[in-house]
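Trainee: What follows is structure-v1.cif; its format and atoms are mmCIF, C-alpha atoms.
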```
data_structure
loop_
_atom_site.label_atom_id
_atom_site.label_comp_id
_atom_site.auth_asym_id
_atom_site.auth_seq_id
_atom_site.Cartn_x
_atom_site.Cartn_y
_atom_site.Cartn_z
CA MET A 1 2.54 0.16 -3.16
CA VAL A 2 -0.67 1.88 -4.08
CA GLY A 3 -2.52 4.47 -1.98
CA TYR A 4 -5.78 6.36 -2.35
CA PHE A 5 -5.87 10.15 -2.13
CA ALA A 6 -9.39 11.30 -1.23
CA GLU A 7 -10.53 14.32 -3.23
CA TRP A 8 -12.51 15.68 -0.24
CA GLY A 9 -9.52 15.44 2.12
CA VAL A 10 -8.51 19.00 1.22
CA TYR A 11 -11.48 20.29 3.24
CA GLY A 12 -12.07 19.21 6.86
CA ARG A 13 -9.16 16.78 6.97
CA ASN A 14 -6.79 19.50 5.70
CA TYR A 15 -4.81 16.83 3.85
CA HIS A 16 -3.24 18.04 0.62
CA VAL A 17 -0.95 16.59 -2.05
CA LYS A 18 1.94 18.37 -0.30
CA ASN A 19 1.41 16.08 2.72
CA ILE A 20 2.24 13.05 0.57
CA HIS A 21 5.67 14.64 0.13
CA THR A 22 6.30 15.99 3.65
CA SER A 23 5.28 12.71 5.32
CA GLY A 24 7.95 10.86 3.34
CA SER A 25 5.22 8.77 1.70
CA ALA A 26 5.72 9.89 -1.91
CA ALA A 27 9.19 8.35 -1.93
CA LYS A 28 7.74 4.97 -0.88
CA LEU A 29 4.64 4.80 -3.08
CA THR A 30 4.59 3.47 -6.62
CA HIS A 31 1.05 4.66 -7.48
CA ILE A 32 -1.52 7.14 -6.18
CA LEU A 33 -5.21 6.59 -6.87
CA TYR A 34 -7.16 9.85 -7.03
CA ALA A 35 -10.66 9.21 -5.65
CA PHE A 36 -13.18 9.78 -7.02
CA GLY A 37 -14.47 10.75 -10.38
CA ASN A 38 -18.23 10.40 -10.77
CA THR A 39 -20.16 8.03 -13.03
CA THR A 40 -23.44 9.52 -14.20
CA GLY A 41 -25.58 9.13 -17.27
CA GLY A 42 -23.42 6.24 -18.42
CA ARG A 43 -20.37 8.50 -18.53
CA CYS A 44 -17.31 9.47 -16.51
CA ALA A 45 -17.69 12.90 -14.93
CA ILE A 46 -15.82 15.31 -12.66
CA GLY A 47 -16.33 14.63 -8.96
CA ASP A 48 -15.53 18.02 -7.40
CA SER A 49 -14.29 20.61 -9.87
CA TYR A 50 -13.14 23.04 -7.15
CA ALA A 51 -10.92 20.49 -5.37
CA ASP A 52 -9.82 18.87 -8.62
CA TYR A 53 -8.63 21.82 -10.70
CA ASP A 54 -9.84 25.18 -9.38
CA LYS A 55 -8.69 25.59 -5.76
CA ALA A 56 -5.79 28.09 -5.56
CA TYR A 57 -2.82 26.97 -3.47
CA THR A 58 -0.65 29.34 -1.46
CA ALA A 59 3.13 28.96 -1.50
CA ALA A 60 2.99 27.44 2.00
CA ASP A 61 0.51 24.72 0.97
CA SER A 62 1.97 23.98 -2.45
CA VAL A 63 4.13 20.92 -3.15
CA ASP A 64 7.02 23.00 -4.49
CA GLY A 65 6.52 26.17 -2.44
CA VAL A 66 5.25 28.16 -5.44
CA ALA A 67 1.83 29.82 -5.15
CA ASP A 68 -0.88 29.48 -7.80
CA THR A 69 -1.75 32.56 -9.83
CA TRP A 70 -5.27 33.67 -10.73
CA ASP A 71 -4.72 33.15 -14.45
CA GLN A 72 -2.88 29.83 -14.61
CA PRO A 73 -4.66 27.15 -16.69
CA LEU A 74 -4.69 24.43 -14.01
CA ARG A 75 -4.89 24.69 -10.23
CA GLY A 76 -6.29 22.42 -7.52
CA SER A 77 -5.12 18.93 -6.63
CA PHE A 78 -4.49 18.03 -10.28
CA ASN A 79 -1.82 20.72 -10.56
CA GLN A 80 -0.37 19.70 -7.19
CA LEU A 81 -0.15 16.10 -8.43
CA ARG A 82 1.64 17.35 -11.54
CA LYS A 83 4.20 19.07 -9.29
CA LEU A 84 4.53 15.94 -7.14
CA LYS A 85 5.24 13.82 -10.22
CA LYS A 86 7.97 16.26 -11.29
CA MET A 87 9.56 15.76 -7.87
CA TYR A 88 9.13 11.95 -7.98
CA PRO A 89 9.45 10.97 -11.67
CA ASN A 90 8.70 7.28 -11.04
CA LEU A 91 5.38 7.97 -9.28
CA LYS A 92 2.25 7.15 -11.30
CA VAL A 93 -1.22 8.62 -10.75
CA ILE A 94 -4.47 6.85 -11.63
CA TRP A 95 -7.91 8.49 -11.62
CA SER A 96 -10.42 6.31 -9.79
CA PHE A 97 -14.12 6.43 -10.68
CA GLY A 98 -17.13 5.32 -8.66
CA GLY A 99 -16.71 4.37 -5.03
CA TRP A 100 -19.52 3.61 -2.61
CA THR A 101 -21.40 6.84 -3.37
CA TRP A 102 -20.97 7.06 -7.14
CA SER A 103 -21.21 3.45 -8.33
CA ALA A 104 -24.82 3.69 -9.53
CA GLY A 105 -23.70 5.10 -12.89
CA PHE A 106 -21.92 1.89 -13.80
CA THR A 107 -25.26 0.17 -14.37
CA GLN A 108 -26.00 2.52 -17.26
CA ALA A 109 -22.37 2.39 -18.39
CA ALA A 110 -22.69 -1.39 -18.78
CA GLN A 111 -25.46 -0.90 -21.34
CA ASN A 112 -23.00 0.80 -23.69
CA PRO A 113 -19.45 0.10 -22.55
CA ALA A 114 -17.83 1.66 -25.63
CA ALA A 115 -19.60 5.00 -25.12
CA PHE A 116 -18.66 4.93 -21.45
CA ALA A 117 -15.03 4.20 -22.30
CA ASP A 118 -14.97 7.07 -24.80
CA SER A 119 -16.27 9.51 -22.19
CA CYS A 120 -13.74 8.32 -19.60
CA TYR A 121 -10.86 8.60 -22.05
CA ASN A 122 -11.88 12.11 -23.05
CA LEU A 123 -12.03 13.18 -19.41
CA VAL A 124 -8.87 11.48 -18.13
CA GLU A 125 -6.93 12.61 -21.23
CA ASP A 126 -8.32 16.16 -21.23
CA PRO A 127 -5.45 18.36 -22.54
CA ARG A 128 -5.54 20.44 -19.34
CA TRP A 129 -4.35 17.49 -17.22
CA ALA A 130 -3.51 14.59 -19.55
CA ASP A 131 0.06 14.53 -18.23
CA VAL A 132 -1.17 14.07 -14.63
CA PHE A 133 -2.84 10.69 -15.11
CA ASP A 134 -1.35 7.36 -16.16
CA GLY A 135 -4.63 5.49 -16.38
CA ILE A 136 -8.05 4.77 -14.89
CA ASP A 137 -9.30 2.80 -11.91
CA VAL A 138 -12.83 1.37 -11.67
CA ASP A 139 -14.33 1.13 -8.19
CA TRP A 140 -17.74 -0.41 -8.91
CA GLU A 141 -19.55 -1.34 -5.68
CA TYR A 142 -20.84 -3.83 -6.84
CA PRO A 143 -21.43 -5.34 -10.27
CA ASN A 144 -24.44 -7.67 -10.36
CA ALA A 145 -24.82 -7.23 -6.58
CA CYS A 146 -25.84 -4.65 -3.99
CA GLY A 147 -23.93 -1.73 -2.48
CA LEU A 148 -25.53 1.67 -1.92
CA GLN A 149 -27.87 0.53 -4.71
CA CYS A 150 -28.39 -2.86 -6.30
CA ASP A 151 -27.14 -3.65 -9.79
CA ALA A 152 -28.61 -6.39 -11.97
CA SER A 153 -26.57 -5.91 -15.13
CA GLY A 154 -25.42 -9.53 -15.15
CA PRO A 155 -22.18 -11.44 -14.52
CA ASN A 156 -20.53 -10.19 -17.74
CA ALA A 157 -21.14 -6.46 -17.24
CA PHE A 158 -17.91 -5.77 -15.34
CA LYS A 159 -15.81 -7.75 -17.83
CA ASN A 160 -17.41 -5.85 -20.72
CA VAL A 161 -16.81 -2.42 -19.15
CA ILE A 162 -13.18 -3.24 -18.38
CA GLY A 163 -12.65 -4.63 -21.86
CA ALA A 164 -14.00 -1.43 -23.43
CA LEU A 165 -11.75 0.72 -21.23
CA ARG A 166 -8.68 -1.32 -22.18
CA THR A 167 -9.53 -1.05 -25.88
CA LYS A 168 -9.97 2.72 -25.65
CA PHE A 169 -7.04 3.53 -23.35
CA GLY A 170 -4.64 1.15 -25.10
CA SER A 171 -2.08 -1.31 -23.83
CA SER A 172 0.31 1.22 -22.26
CA ALA A 173 -2.22 2.85 -19.92
CA LEU A 174 -2.93 1.50 -16.46
CA VAL A 175 -6.43 0.02 -16.06
CA THR A 176 -7.11 -1.21 -12.53
CA ALA A 177 -10.10 -2.07 -10.35
CA ALA A 178 -11.05 -2.10 -6.70
CA ILE A 179 -13.35 -5.06 -6.16
CA THR A 180 -15.35 -6.80 -3.46
CA ALA A 181 -13.50 -8.96 -0.96
CA ASP A 182 -16.56 -11.03 -0.02
CA GLY A 183 -15.11 -14.53 0.17
CA SER A 184 -18.36 -16.21 1.21
CA THR A 185 -19.97 -18.93 -0.88
CA GLY A 186 -22.42 -17.37 -3.35
CA GLY A 187 -21.30 -13.90 -2.26
CA LYS A 188 -20.29 -10.83 -4.24
CA ILE A 189 -17.15 -12.37 -5.78
CA ASP A 190 -19.30 -15.17 -7.18
CA ALA A 191 -21.80 -12.67 -8.67
CA THR A 192 -19.38 -11.34 -11.30
CA ASP A 193 -16.83 -12.71 -13.75
CA TYR A 194 -13.81 -10.98 -12.21
CA ALA A 195 -11.47 -13.57 -13.70
CA GLY A 196 -12.79 -12.77 -17.17
CA ALA A 197 -11.82 -9.12 -16.68
CA ALA A 198 -8.39 -9.86 -15.22
CA SER A 199 -6.54 -10.11 -18.55
CA ASN A 200 -7.47 -6.48 -19.30
CA LEU A 201 -6.49 -5.21 -15.83
CA ASN A 202 -3.00 -4.38 -14.60
CA TRP A 203 -4.15 -5.43 -11.14
CA LEU A 204 -7.23 -5.96 -8.96
CA MET A 205 -7.66 -4.63 -5.43
CA PRO A 206 -9.99 -6.72 -3.27
CA MET A 207 -11.16 -4.32 -0.54
CA THR A 208 -10.14 -6.52 2.36
CA TYR A 209 -11.57 -4.21 5.05
CA ASP A 210 -15.02 -3.07 6.23
CA TYR A 211 -16.06 -6.70 6.77
CA PHE A 212 -17.66 -5.85 10.10
CA GLY A 213 -18.58 -2.59 11.79
CA ALA A 214 -21.18 -0.53 13.61
CA PHE A 215 -23.44 -0.62 10.56
CA ASN A 216 -24.52 -3.61 12.69
CA ALA A 217 -25.17 -1.39 15.70
CA GLN A 218 -25.71 -4.15 18.28
CA GLY A 219 -22.56 -6.03 17.27
CA PRO A 220 -21.23 -8.61 17.72
CA THR A 221 -17.92 -6.78 17.88
CA ALA A 222 -15.49 -8.06 15.25
CA PRO A 223 -12.37 -6.64 13.59
CA HIS A 224 -13.21 -4.96 10.30
CA SER A 225 -10.11 -6.23 8.49
CA PRO A 226 -9.21 -9.74 9.63
CA LEU A 227 -6.44 -11.37 7.63
CA THR A 228 -7.64 -14.86 8.48
CA SER A 229 -10.71 -16.48 9.94
CA TYR A 230 -10.88 -17.07 13.71
CA THR A 231 -13.12 -18.94 16.12
CA GLY A 232 -16.37 -17.01 16.49
CA ILE A 233 -16.05 -14.84 13.37
CA PRO A 234 -19.61 -13.61 12.65
CA GLN A 235 -19.62 -14.53 8.94
CA GLN A 236 -17.64 -17.23 7.19
CA GLY A 237 -15.68 -15.96 4.19
CA PHE A 238 -15.46 -12.41 5.56
CA ASN A 239 -11.69 -12.27 5.85
CA SER A 240 -8.81 -11.29 3.58
CA ASP A 241 -7.41 -14.78 3.03
CA ALA A 242 -10.82 -16.19 2.05
CA ALA A 243 -11.15 -13.49 -0.64
CA ILE A 244 -7.61 -13.99 -1.95
CA GLN A 245 -8.00 -17.78 -2.13
CA LYS A 246 -11.37 -17.51 -3.89
CA LEU A 247 -10.02 -15.07 -6.49
CA LYS A 248 -6.96 -17.25 -7.10
CA ALA A 249 -9.17 -20.34 -7.42
CA LYS A 250 -11.16 -18.58 -10.13
CA GLY A 251 -7.94 -18.20 -12.14
CA ILE A 252 -6.81 -14.68 -11.33
CA PRO A 253 -2.99 -14.65 -11.17
CA ALA A 254 -1.70 -13.96 -7.66
CA ASN A 255 0.63 -11.25 -8.96
CA LYS A 256 -2.38 -9.28 -10.21
CA LEU A 257 -3.92 -9.16 -6.72
CA LEU A 258 -3.04 -6.50 -4.15
CA LEU A 259 -3.85 -6.86 -0.45
CA GLY A 260 -5.96 -4.02 0.97
CA ILE A 261 -5.17 -2.17 4.22
CA GLY A 262 -7.43 0.32 5.97
CA PHE A 263 -5.75 3.34 7.55
CA TYR A 264 -8.64 3.66 9.99
CA GLY A 265 -10.51 1.66 12.59
CA ARG A 266 -14.15 0.74 13.08
CA GLY A 267 -15.70 0.83 16.51
CA TRP A 268 -18.75 0.30 18.69
CA THR A 269 -19.89 1.88 21.95
CA GLY A 270 -21.78 0.34 24.86
CA VAL A 271 -19.35 -2.58 24.93
CA THR A 272 -18.27 -4.33 28.16
CA GLN A 273 -16.47 -7.37 26.76
CA ALA A 274 -12.84 -6.87 25.72
CA ALA A 275 -12.69 -9.96 23.51
CA PRO A 276 -14.38 -9.89 20.09
CA GLY A 277 -17.99 -11.08 19.95
CA GLY A 278 -19.41 -8.69 22.54
CA THR A 279 -22.69 -6.83 22.28
CA ALA A 280 -22.89 -3.08 21.66
CA THR A 281 -25.43 -0.27 21.69
CA GLY A 282 -24.25 1.64 18.63
CA ALA A 283 -21.36 3.27 16.80
CA ALA A 284 -18.44 4.69 18.77
CA PRO A 285 -17.95 8.45 18.31
CA GLY A 286 -15.70 9.39 15.36
CA THR A 287 -14.24 12.67 14.13
CA TYR A 288 -15.98 12.66 10.74
CA GLU A 289 -18.42 9.76 10.99
CA ALA A 290 -19.68 7.66 13.89
CA GLY A 291 -18.07 4.23 14.03
CA ILE A 292 -14.95 5.23 12.06
CA GLU A 293 -11.70 6.89 13.18
CA ASP A 294 -8.30 7.47 11.61
CA TYR A 295 -5.32 5.38 12.72
CA LYS A 296 -3.42 8.57 13.60
CA VAL A 297 -6.09 9.31 16.22
CA LEU A 298 -6.71 5.78 17.50
CA LYS A 299 -3.03 5.00 18.11
CA ASN A 300 -3.20 7.65 20.87
CA THR A 301 -6.82 7.53 22.08
CA CYS A 302 -7.26 3.74 22.08
CA PRO A 303 -3.92 1.90 21.72
CA ALA A 304 -4.27 -1.69 20.54
CA THR A 305 -4.00 -4.28 23.32
CA SER A 306 -4.66 -7.59 21.54
CA THR A 307 -4.84 -9.22 18.14
CA VAL A 308 -7.28 -11.61 16.48
CA GLY A 309 -7.27 -12.96 12.92
CA GLY A 310 -4.06 -11.07 12.19
CA THR A 311 -5.36 -7.59 13.07
CA ALA A 312 -5.55 -5.55 16.29
CA TYR A 313 -8.24 -4.34 18.69
CA ALA A 314 -8.81 -2.71 22.06
CA LEU A 315 -11.59 -1.86 24.50
CA CYS A 316 -11.21 1.69 25.78
CA GLY A 317 -13.85 2.58 28.36
CA ASN A 318 -16.98 1.26 26.67
CA ASN A 319 -15.71 1.80 23.12
CA TRP A 320 -14.35 -1.19 21.19
CA TRP A 321 -12.09 -0.45 18.22
CA SER A 322 -10.26 -2.61 15.68
CA TYR A 323 -7.60 -1.43 13.27
CA ASP A 324 -4.25 -2.31 11.76
CA THR A 325 -0.99 -1.26 13.42
CA PRO A 326 2.56 -1.31 12.03
CA SER A 327 2.94 -4.74 13.64
CA THR A 328 -0.20 -6.28 12.11
CA ILE A 329 0.60 -4.66 8.76
CA ASN A 330 3.97 -6.38 8.90
CA GLY A 331 2.17 -9.71 9.32
CA LYS A 332 -0.14 -8.92 6.42
CA MET A 333 2.81 -8.03 4.17
CA THR A 334 4.49 -11.35 5.06
CA TYR A 335 1.24 -13.03 3.97
CA ALA A 336 1.19 -11.01 0.72
CA LYS A 337 4.74 -12.09 -0.11
CA ASN A 338 4.10 -15.73 0.80
CA GLN A 339 1.03 -15.75 -1.46
CA GLY A 340 2.94 -14.20 -4.36
CA LEU A 341 0.66 -11.17 -4.46
CA GLY A 342 1.52 -8.14 -6.55
CA GLY A 343 1.76 -5.83 -3.55
CA ALA A 344 -0.58 -3.85 -1.32
CA PHE A 345 -2.92 -0.88 -1.47
CA PHE A 346 -4.60 1.22 1.19
CA TRP A 347 -7.51 3.53 1.92
CA GLU A 348 -6.50 6.33 2.41
CA LEU A 349 -3.53 8.65 2.82
CA SER A 350 -4.95 11.09 5.41
CA GLY A 351 -5.47 8.34 8.00
CA ASP A 352 -1.72 7.85 8.46
CA THR A 353 0.47 9.76 10.90
CA GLY A 354 2.29 12.92 9.82
CA ASN A 355 5.48 10.91 9.34
CA GLY A 356 3.82 8.10 7.35
CA GLU A 357 4.06 5.34 9.97
CA LEU A 358 1.70 2.87 8.25
CA ILE A 359 3.12 3.47 4.77
CA GLY A 360 6.55 2.82 6.26
CA ALA A 361 5.26 -0.47 7.66
CA ILE A 362 3.88 -1.53 4.27
CA LYS A 363 7.12 -0.61 2.55
CA GLY A 364 9.22 -2.34 5.20
CA GLY A 365 7.03 -5.44 5.10
CA LEU A 366 7.03 -5.78 1.32
CA GLY A 367 10.78 -5.12 1.17
#
```
Written as structure tokens, that's how I'd like the structure from this file.

Mentor:
Amino acid sequence: MVGYFAEWGVYGRNYHVKNIHTSGSAAKLTHILYAFGNTTGGRCAIGDSYADYDKAYTAADSVDGVADTWDQPLRGSFNQLRKLKKMYPNLKVIWSFGGWTWSAGFTQAAQNPAAFADSCYNLVEDPRWADVFDGIDVDWEYPNACGLQCDASGPNAFKNVIGALRTKFGSSALVTAAITADGSTGGKIDATDYAGAASNLNWLMPMTYDYFGAFNAQGPTAPHSPLTSYTGIPQQGFNSDAAIQKLKAKGIPANKLLLGIGFYGRGWTGVTQAAPGGTATGAAPGTYEAGIEDYKVLKNTCPATSTVGGTAYALCGNNWWSYDTPSTINGKMTYAKNQGLGGAFFWELSGDTGNGELIGAIKGGLG
């Protein structure tokens, strides 16, 4: 049970490491992924130094109720994670690098994987916080394909970068990767030798969400995280099962694959048709970004009324939203067990309710 903690959540979202404890989630999780470190100049770099290790926590906001002092060597979320790990000794923390915004640096990293691995090791194992992290996660969007930018470093680049990280970090460290879940023929999974990297990874996390959304402003409306295909799906191969089957067919062991869950919905406005496949005029309003809203908000503002492809949706006024509920998560966890997968992961902690409803559903479903 692996969950992402977003570095920037300590600002507008007011979600802190303490919330992982008070929600009851820390007791259920096996691993936390801290997102994100930057990749720049072919090296691993700090993402946000203030949030990471400088922000001073009051007693009220601190995991253990003890305030930070002005002269202590480590503050910020890193120190809060250290305190959380003391409270939950079995919990592991992995520092994730890249993401949608910061993946461009991997292209340069691939030109000298050993130098990149050295820089990452020196940062993750910095004496100030070496005890906080149990390994490194690579979130490259996308090797030899296009994300925010396009990468043309070739089908072996990802395998080479992962191999260098494993060599540098050693066999006892965790080395993991979030990867594309594009199950279409000739799509992003086919662009890279993910199977070749698998032997050096503890697990791979196909991002089985964000398949559809108001980045296509006119629609057609479609759930962003379908488990299976369904009649009328806008793009073949854009569903969780297609990605899992393709990765397994390439030789990646099922127990090294985790199923991805989004703790948010994607929505359109200007919609009149309740069923998927309707037209829209743009992105539905969202708290932080148009077209996206946290589960904890949507469960109240637009309760799910129907399911398609193993996930849920609803039309509320002229806004159409799709997202996972405890019920659909239960179905996805049954699928994960039936497929022999290694577990599940989710993006990201602050989208859940204050009492950890979705994390409870994942835990209950996986057993």

Trainee: What does the distance from CA of Ala254 in chain A to CA of Leu204 in chain A come to in Å, to one decimal?

Mentor: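 Result for CA of Ala254 in chain A versus CA of Leu204 in chain A: 9.8 Å, one decimal.
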
Trainee: Run through the PyMOL selection byres ((chain A and resi 5-16) around 6) on the given coordinates and return the selected residues as JSON, numbers by chain.

Mentor: {"A": [4, 17, 18, 19, 33, 34, 35, 348, 349, 350]}

Trainee: Quick one: residues within 9 Å of Phe158 in chain A, all atoms listed in the file counted, chain neighbours fewer than 3 positions away excluded, as a list in words?

Mentor: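 After dropping sequence-adjacent residues, the list is Phe106, Ala110, Trp140, Pro143, Asn144, Ser153, Gly154, Pro155, Val161, Ile162, Gly163, Thr192, Asp193, Tyr194, Gly196 and Ala197 of chain A.
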
Trainee: Between A:Asn200, A:Thr208, A:Ser184, A:Ser49, which is the closest to Phe346 in chain A once you count only C-alpha atoms?

Mentor: A:Thr208

Trainee: Wanna dump the range 124-228 of chain A-range 67-73 of chain A contacts at 12 Å for me, each residue with its shortest atom pair and the distance in Å to one decimal, counting all atoms listed in the file, ordered by chain and number, as a tab-separated table?

Mentor:
```
residue	atom	partner	partner_atom	distance
A:Pro127	CA	A:Pro73	CA	10.6
A:Arg128	CA	A:Pro73	CA	7.3
A:Trp129	CA	A:Pro73	CA	9.7
```

Trainee: At what distance in Å, to one decimal, does CA of Ile359 in chain A lie from CA of Ser171 in chain A?

Mentor: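 Answer for the CA of Ser171 in chain A to CA of Ile359 in chain A separation: 29.5 Å.
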
Trainee: Using all atoms listed in the file, determine which residues lie at most 8 Å from Lys28 in chain A, disregarding the query and same-chain residues fewer than 3 positions distant; provide the list as a PyMOL selection string.

Mentor: chain A and resi 1+24-25+359-360+363

Trainee: Suppose you want the space between CA of Tyr50 in chain A and CA of Gln80 in chain A; what is it in Å?

Mentor: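 Computing the Euclidean distance for CA of Tyr50 in chain A and CA of Gln80 in chain A yields 13.2 Å.
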
Trainee: Which is closest to Leu315 in chain A among A:Tyr230, A:Phe78, A:Trp95, A:Trp268, if we use only C-alpha atoms?

Mentor: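 Among the listed residues, A:Trp268 lies closest to Leu315 in chain A.
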
Trainee: What does the PyMOL selection byres ((chain A and resi 182) around 12) select in this file, as a short mmCIF file (atom, residue, chain, number, x, y, z; two decimals) with C-alpha atoms, in the coordinates of the input?

Mentor:
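See selection.cif below for the written result:
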```cif
data_model
loop_
_atom_site.label_atom_id
_atom_site.label_comp_id
_atom_site.auth_asym_id
_atom_site.auth_seq_id
_atom_site.Cartn_x
_atom_site.Cartn_y
_atom_site.Cartn_z
CA GLU A 141 -19.55 -1.34 -5.68
CA TYR A 142 -20.84 -3.83 -6.84
CA ALA A 145 -24.82 -7.23 -6.58
CA CYS A 146 -25.84 -4.65 -3.99
CA ILE A 179 -13.35 -5.06 -6.16
CA THR A 180 -15.35 -6.80 -3.46
CA ALA A 181 -13.50 -8.96 -0.96
CA GLY A 183 -15.11 -14.53 0.17
CA SER A 184 -18.36 -16.21 1.21
CA THR A 185 -19.97 -18.93 -0.88
CA GLY A 186 -22.42 -17.37 -3.35
CA GLY A 187 -21.30 -13.90 -2.26
CA LYS A 188 -20.29 -10.83 -4.24
CA ILE A 189 -17.15 -12.37 -5.78
CA ASP A 190 -19.30 -15.17 -7.18
CA ALA A 191 -21.80 -12.67 -8.67
CA THR A 192 -19.38 -11.34 -11.30
CA PRO A 206 -9.99 -6.72 -3.27
CA MET A 207 -11.16 -4.32 -0.54
CA THR A 208 -10.14 -6.52 2.36
CA TYR A 209 -11.57 -4.21 5.05
CA ASP A 210 -15.02 -3.07 6.23
CA TYR A 211 -16.06 -6.70 6.77
CA PHE A 212 -17.66 -5.85 10.10
CA SER A 225 -10.11 -6.23 8.49
CA GLN A 235 -19.62 -14.53 8.94
CA GLN A 236 -17.64 -17.23 7.19
CA GLY A 237 -15.68 -15.96 4.19
CA PHE A 238 -15.46 -12.41 5.56
CA ASN A 239 -11.69 -12.27 5.85
CA SER A 240 -8.81 -11.29 3.58
CA ASP A 241 -7.41 -14.78 3.03
CA ALA A 242 -10.82 -16.19 2.05
CA ALA A 243 -11.15 -13.49 -0.64
CA ILE A 244 -7.61 -13.99 -1.95
CA GLN A 245 -8.00 -17.78 -2.13
CA LYS A 246 -11.37 -17.51 -3.89
CA LEU A 247 -10.02 -15.07 -6.49
#
```

Trainee: Counting all atoms listed in the file, find the residues whose atoms lie at most 10 Å from (-4.1, 2.7, 19.5) (file coordinates) and write them out as a list in words.

Mentor: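 Output of the proximity query reads Gly265, Tyr295, Lys296, Val297, Leu298, Lys299, Asn300, Thr301, Cys302, Pro303, Ala304, Thr305, Ala312, Tyr313, Ala314, Cys316, Trp321, Ser322, Tyr323, Asp324 and Thr325 of chain A.
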
Trainee: Counting all atoms listed in the file, which residue out of A:Thr269, A:Ser62, A:Ser229, A:Asn122 sits closest to Gly213 in chain A?

Mentor: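 Under the stated criterion, the closest residue is A:Thr269.
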
Trainee: Env of Ser199 in chain A: 10 Å cut, atoms = only C-alpha atoms, seq-sep filter 4 positions within chain, self excluded. Answer as a list in words.

Mentor: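 Returned residues: Lys159, Ile162, Gly163, Arg166, Tyr194, Ala195, Trp203, Ile252, Pro253 and Lys256 of chain A.
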
Trainee: Excluding Gly310 in chain A and its own-chain neighbours fewer than 2 positions away, which residues fall within 8 Å of it when counting all atoms listed in the file? Please give them as a list in words.

Mentor: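 Surrounding residues, per the criterion: Pro226, Leu227, Thr228, Thr307, Val308, Ala312, Thr328, Gly331 and Lys332 of chain A.
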